[in-house]
Amino acid sequence: SMNTTTDDKTIVKDYFNATGFDRWRRIYGDGEVNKVQKDIRLGHQQTIDTVVAWLKADGNLANLSICDAGCGVGSLSIPLAQEGAKIFASDISEKMVTEAQERAQKALKDASNVTFAVQDLESLTGNYHTVICLDVLIHYPAEDAEKMIKHLASLSESRLILSFAPKTLCLTLLKKIGEFFPGPSKTTRAYQHKEKDIIQILEQNGFTIQRKDMTSTRFYYSRILEAVKE
Ligand code: SAM
């Protein structure tokens, strides 16, 4: 029999190879979008900018090995590659990866330090100085988040950066309202996570929190945590 995890993952994969791809490619682009999508675009860009600024501030980006798990259209990988980091970027959606490759070819003078692969993050292997996984936990129920983070932690030599939609009373109410008035975009389930749960999982895997940030716009909320190996 099929378990929930497999079921959820297949739904997510199919979504990001079809209508989800069209929707998110536009949001993560620079063409015309509606007001809500524009707000999400700007919020997401803030999350990317925060992480890029953290890494640049450390002054050691050149040749740093970085794994971008669930890379989408390459929004993070491309600016990091531009700074000279050695990037391995992967996504469960083939469409997303193809788009990321095309964007990298256009944006980078030399795209040789970024490698893209169609791969679900549970099957990733290897060792990276830094593992980054932005806005992917939204697709993981609490039971699966723990295993997912544990796996990413095992690939990381010294740092793990995660972002997720935080589960707070206010946002839970907003989500409830959203469920009463479902829009056409509600095609996958969205899972929020309690910050204290995520921190506990990171700590159980030998990491401590170093930097934190929060992006919140009208329709986009993302808690960003940088955890380093003790
Ligand atoms: N991290 C990117 C960013 O911030 O620009 C993309 C975020 S997007 C909301 C979520 C991405 O996670 C999608 O591209 C989706 O295909 C990918 N994804 C979802 N589940 C995944 C899994 N199990 N393994 C790898 N990628 C996954």
# chains A, B, ... in the order shown; residues from 1 in each chain; ligands from 1

call {"tool": "residues_near_ligand", "arguments": {"ligand": "ligand 1", "cutoff": "9 Å", "atoms": "only C-alpha atoms and all ligand atoms", "output": "PyMOL selection string"}}
result
chain A and resi 8-10+12-17+20-21+24+28+44-45+47-48+68-77+90-97+118-124+132-140+148+163

call {"tool": "write_last_selection", "arguments": {"atoms": "N, CA and C atoms", "output": "short mmCIF file (atom, residue, chain, number, x, y, z; two decimals), in the first residue's frame"}}
result
data_model
loop_
_atom_site.label_atom_id
_atom_site.label_comp_id
_atom_site.auth_asym_id
_atom_site.auth_seq_id
_atom_site.Cartn_x
_atom_site.Cartn_y
_atom_site.Cartn_z
N ASP A 8 2.27 12.16 -1.05
CA ASP A 8 2.52 13.60 -1.01
C ASP A 8 3.59 13.99 -2.01
N LYS A 9 4.65 13.21 -2.04
CA LYS A 9 5.80 13.56 -2.88
C LYS A 9 5.44 13.47 -4.36
N THR A 10 4.67 12.46 -4.72
CA THR A 10 4.24 12.31 -6.12
C THR A 10 3.36 13.49 -6.53
N VAL A 12 3.41 16.52 -5.25
CA VAL A 12 4.26 17.71 -5.34
C VAL A 12 5.06 17.70 -6.64
N LYS A 13 5.63 16.54 -6.96
CA LYS A 13 6.44 16.40 -8.18
C LYS A 13 5.59 16.68 -9.42
N ASP A 14 4.41 16.08 -9.47
CA ASP A 14 3.52 16.29 -10.63
C ASP A 14 3.10 17.76 -10.73
N TYR A 15 2.82 18.35 -9.59
CA TYR A 15 2.42 19.77 -9.56
C TYR A 15 3.52 20.66 -10.12
N PHE A 16 4.76 20.43 -9.68
CA PHE A 16 5.88 21.29 -10.13
C PHE A 16 6.38 20.93 -11.53
N ASN A 17 5.79 19.91 -12.14
CA ASN A 17 6.08 19.63 -13.54
C ASN A 17 4.94 20.10 -14.44
N GLY A 20 2.02 24.00 -11.37
CA GLY A 20 2.90 24.62 -10.37
C GLY A 20 4.14 25.21 -11.01
N PHE A 21 4.62 24.53 -12.03
CA PHE A 21 5.78 25.05 -12.75
C PHE A 21 5.45 26.39 -13.40
N TRP A 24 4.95 29.12 -10.60
CA TRP A 24 6.14 29.53 -9.86
C TRP A 24 7.24 30.08 -10.76
N TYR A 28 8.74 33.59 -9.79
CA TYR A 28 10.19 33.71 -9.66
C TYR A 28 10.83 34.31 -10.92
N HIS A 44 9.87 36.48 -1.52
CA HIS A 44 10.84 35.43 -1.81
C HIS A 44 12.21 36.02 -2.13
N GLN A 45 12.22 37.11 -2.90
CA GLN A 45 13.49 37.75 -3.24
C GLN A 45 14.22 38.25 -1.98
N THR A 47 14.06 36.83 0.94
CA THR A 47 14.64 35.63 1.56
C THR A 47 15.97 35.28 0.89
N ILE A 48 15.96 35.28 -0.44
CA ILE A 48 17.19 35.01 -1.20
C ILE A 48 18.27 36.03 -0.84
N ASP A 68 22.28 23.16 -2.94
CA ASP A 68 21.00 23.86 -2.92
C ASP A 68 19.91 22.82 -3.18
N ALA A 69 19.29 22.36 -2.10
CA ALA A 69 18.32 21.26 -2.20
C ALA A 69 16.92 21.80 -2.47
N GLY A 70 16.32 21.39 -3.58
CA GLY A 70 15.03 21.93 -3.99
C GLY A 70 15.23 23.31 -4.58
N CYS A 71 16.09 23.39 -5.61
CA CYS A 71 16.61 24.68 -6.11
C CYS A 71 15.62 25.50 -6.91
N GLY A 72 14.48 24.92 -7.28
CA GLY A 72 13.51 25.67 -8.10
C GLY A 72 14.14 26.12 -9.40
N VAL A 73 13.95 27.40 -9.74
CA VAL A 73 14.48 27.93 -11.00
C VAL A 73 15.89 28.50 -10.85
N GLY A 74 16.52 28.22 -9.71
CA GLY A 74 17.91 28.64 -9.51
C GLY A 74 18.07 30.02 -8.88
N SER A 75 17.00 30.51 -8.26
CA SER A 75 17.01 31.87 -7.68
C SER A 75 18.16 32.10 -6.70
N LEU A 76 18.54 31.07 -5.96
CA LEU A 76 19.65 31.18 -5.01
C LEU A 76 20.97 30.74 -5.64
N SER A 77 20.93 29.63 -6.36
CA SER A 77 22.15 29.06 -6.93
C SER A 77 22.87 30.02 -7.85
N SER A 90 19.75 20.84 -7.01
CA SER A 90 18.86 19.78 -7.49
C SER A 90 17.41 20.09 -7.12
N ASP A 91 16.52 19.47 -7.88
CA ASP A 91 15.09 19.64 -7.63
C ASP A 91 14.38 18.39 -8.10
N ILE A 92 13.27 18.10 -7.46
CA ILE A 92 12.48 16.91 -7.82
C ILE A 92 11.79 17.11 -9.18
N SER A 93 11.61 18.38 -9.59
CA SER A 93 10.91 18.68 -10.84
C SER A 93 11.89 18.90 -11.99
N GLU A 94 11.72 18.08 -13.01
CA GLU A 94 12.57 18.18 -14.20
C GLU A 94 12.40 19.54 -14.88
N LYS A 95 11.16 20.01 -14.91
CA LYS A 95 10.86 21.31 -15.55
C LYS A 95 11.60 22.43 -14.83
N MET A 96 11.59 22.40 -13.51
CA MET A 96 12.28 23.42 -12.72
C MET A 96 13.78 23.40 -13.02
N VAL A 97 14.34 22.22 -13.07
CA VAL A 97 15.78 22.09 -13.30
C VAL A 97 16.16 22.60 -14.69
N VAL A 118 18.21 16.58 -11.64
CA VAL A 118 16.84 16.24 -11.26
C VAL A 118 16.94 15.13 -10.23
N GLN A 119 16.65 15.47 -9.01
CA GLN A 119 16.84 14.50 -7.93
C GLN A 119 15.98 14.90 -6.74
N ASP A 120 15.33 13.94 -6.12
CA ASP A 120 14.58 14.31 -4.94
C ASP A 120 15.56 14.34 -3.77
N LEU A 121 15.33 15.24 -2.85
CA LEU A 121 16.40 15.52 -1.87
C LEU A 121 16.71 14.36 -0.94
N GLU A 122 15.79 13.44 -0.79
CA GLU A 122 16.04 12.25 0.02
C GLU A 122 17.11 11.36 -0.60
N SER A 123 17.32 11.48 -1.91
CA SER A 123 18.30 10.62 -2.57
C SER A 123 19.65 11.32 -2.76
N LEU A 124 19.81 12.52 -2.22
CA LEU A 124 21.09 13.22 -2.34
C LEU A 124 22.16 12.55 -1.49
N ILE A 132 21.76 24.15 1.80
CA ILE A 132 20.70 25.16 1.90
C ILE A 132 19.40 24.61 1.31
N CYS A 133 18.32 24.83 2.01
CA CYS A 133 17.03 24.34 1.53
C CYS A 133 15.98 25.40 1.85
N LEU A 134 15.64 26.20 0.84
CA LEU A 134 14.72 27.32 1.05
C LEU A 134 13.31 27.05 0.54
N ASP A 135 12.35 27.30 1.40
CA ASP A 135 10.93 27.24 1.06
C ASP A 135 10.51 25.88 0.48
N VAL A 136 11.10 24.82 0.95
CA VAL A 136 10.72 23.47 0.50
C VAL A 136 9.92 22.76 1.60
N LEU A 137 10.21 23.10 2.86
CA LEU A 137 9.52 22.44 3.98
C LEU A 137 8.00 22.64 3.95
N ILE A 138 7.54 23.61 3.20
CA ILE A 138 6.10 23.84 3.04
C ILE A 138 5.41 22.60 2.45
N HIS A 139 6.20 21.74 1.78
CA HIS A 139 5.66 20.52 1.19
C HIS A 139 5.78 19.30 2.10
N TYR A 140 6.29 19.51 3.31
CA TYR A 140 6.51 18.39 4.23
C TYR A 140 5.65 18.49 5.49
N MET A 148 13.64 14.52 6.83
CA MET A 148 14.20 15.33 5.76
C MET A 148 15.37 16.16 6.28
N SER A 163 14.67 27.52 5.32
CA SER A 163 13.59 28.49 5.53
C SER A 163 12.26 27.77 5.42
#

call {"tool": "residues_around", "arguments": {"residues": "Ile224 in chain A", "least_positions_apart": "5", "cutoff": "7 Å", "atoms": "only C-alpha atoms", "output": "tab-separated table (two decimals) with C-alpha atoms, in the first residue's frame"}}
result
chain	number	residue	atom	x	y	z
A	162	LEU	CA	16.60	26.32	6.13
A	163	SER	CA	13.59	28.49	5.53
A	164	PHE	CA	9.99	27.58	6.23
A	212	LYS	CA	18.01	34.08	12.11
A	213	ASP	CA	15.80	36.25	10.01
A	214	MET	CA	12.16	36.55	9.08

call {"tool": "select_by_dssp", "arguments": {"residues": "range 73-151 of chain A", "states": "strand (DSSP E or B)", "output": "list in words"}}
result
Lys86, Ile87, Phe88, Ala89, Ser90, Asp91, Val114, Thr115, Phe116, Ala117, Val118, Tyr128, His129, Thr130, Val131, Ile132, Cys133 and Leu134 of chain A

call {"tool": "atom_distance", "arguments": {"atom1": "CA of Arg41 in chain A", "atom2": "CA of Ile27 in chain A"}}
result
5.3 Å

call {"tool": "residues_around", "arguments": {"residues": "Lys147 in chain A", "least_positions_apart": "3", "cutoff": "12 Å", "atoms": "only C-alpha atoms", "output": "list in words"}}
result
Thr5, Leu121, Glu122, Leu137, Tyr140, Pro141, Ala142, Glu143, Asp144, Lys150, His151, Leu152, Ala153, Ser154, Ile198, Ile201, Leu202, Gln204 and Asn205 of chain A

call {"tool": "write_last_selection", "arguments": {"atoms": "C-alpha atoms", "output": "PDB file, in the first residue's frame"}}
result
ATOM      1  CA  THR A   5       4.983  10.336   2.185  1.00  0.00           C
ATOM      2  CA  LEU A 121      16.403  15.523  -1.869  1.00  0.00           C
ATOM      3  CA  GLU A 122      16.041  12.248   0.023  1.00  0.00           C
ATOM      4  CA  LEU A 137       9.523  22.439   3.983  1.00  0.00           C
ATOM      5  CA  TYR A 140       6.506  18.387   4.227  1.00  0.00           C
ATOM      6  CA  PRO A 141       4.143  17.432   7.042  1.00  0.00           C
ATOM      7  CA  ALA A 142       5.718  17.598  10.525  1.00  0.00           C
ATOM      8  CA  GLU A 143       6.311  13.803  10.618  1.00  0.00           C
ATOM      9  CA  ASP A 144       8.358  13.931   7.400  1.00  0.00           C
ATOM     10  CA  LYS A 150      18.193  14.739   9.414  1.00  0.00           C
ATOM     11  CA  HIS A 151      19.155  13.702   5.900  1.00  0.00           C
ATOM     12  CA  LEU A 152      20.236  17.217   4.893  1.00  0.00           C
ATOM     13  CA  ALA A 153      22.239  17.455   8.141  1.00  0.00           C
ATOM     14  CA  SER A 154      24.111  14.272   7.173  1.00  0.00           C
ATOM     15  CA  ILE A 198      12.653  22.871  13.665  1.00  0.00           C
ATOM     16  CA  ILE A 201      15.512  18.816  15.172  1.00  0.00           C
ATOM     17  CA  LEU A 202      18.591  20.860  14.193  1.00  0.00           C
ATOM     18  CA  GLN A 204      19.336  16.842  17.869  1.00  0.00           C
ATOM     19  CA  ASN A 205      21.499  16.578  14.757  1.00  0.00           C
TER      20      ASN A 205
END

call {"tool": "atom_distance", "arguments": {"atom1": "CA of Ile199 in chain A", "atom2": "CA of Ala62 in chain A"}}
result
28.7 Å
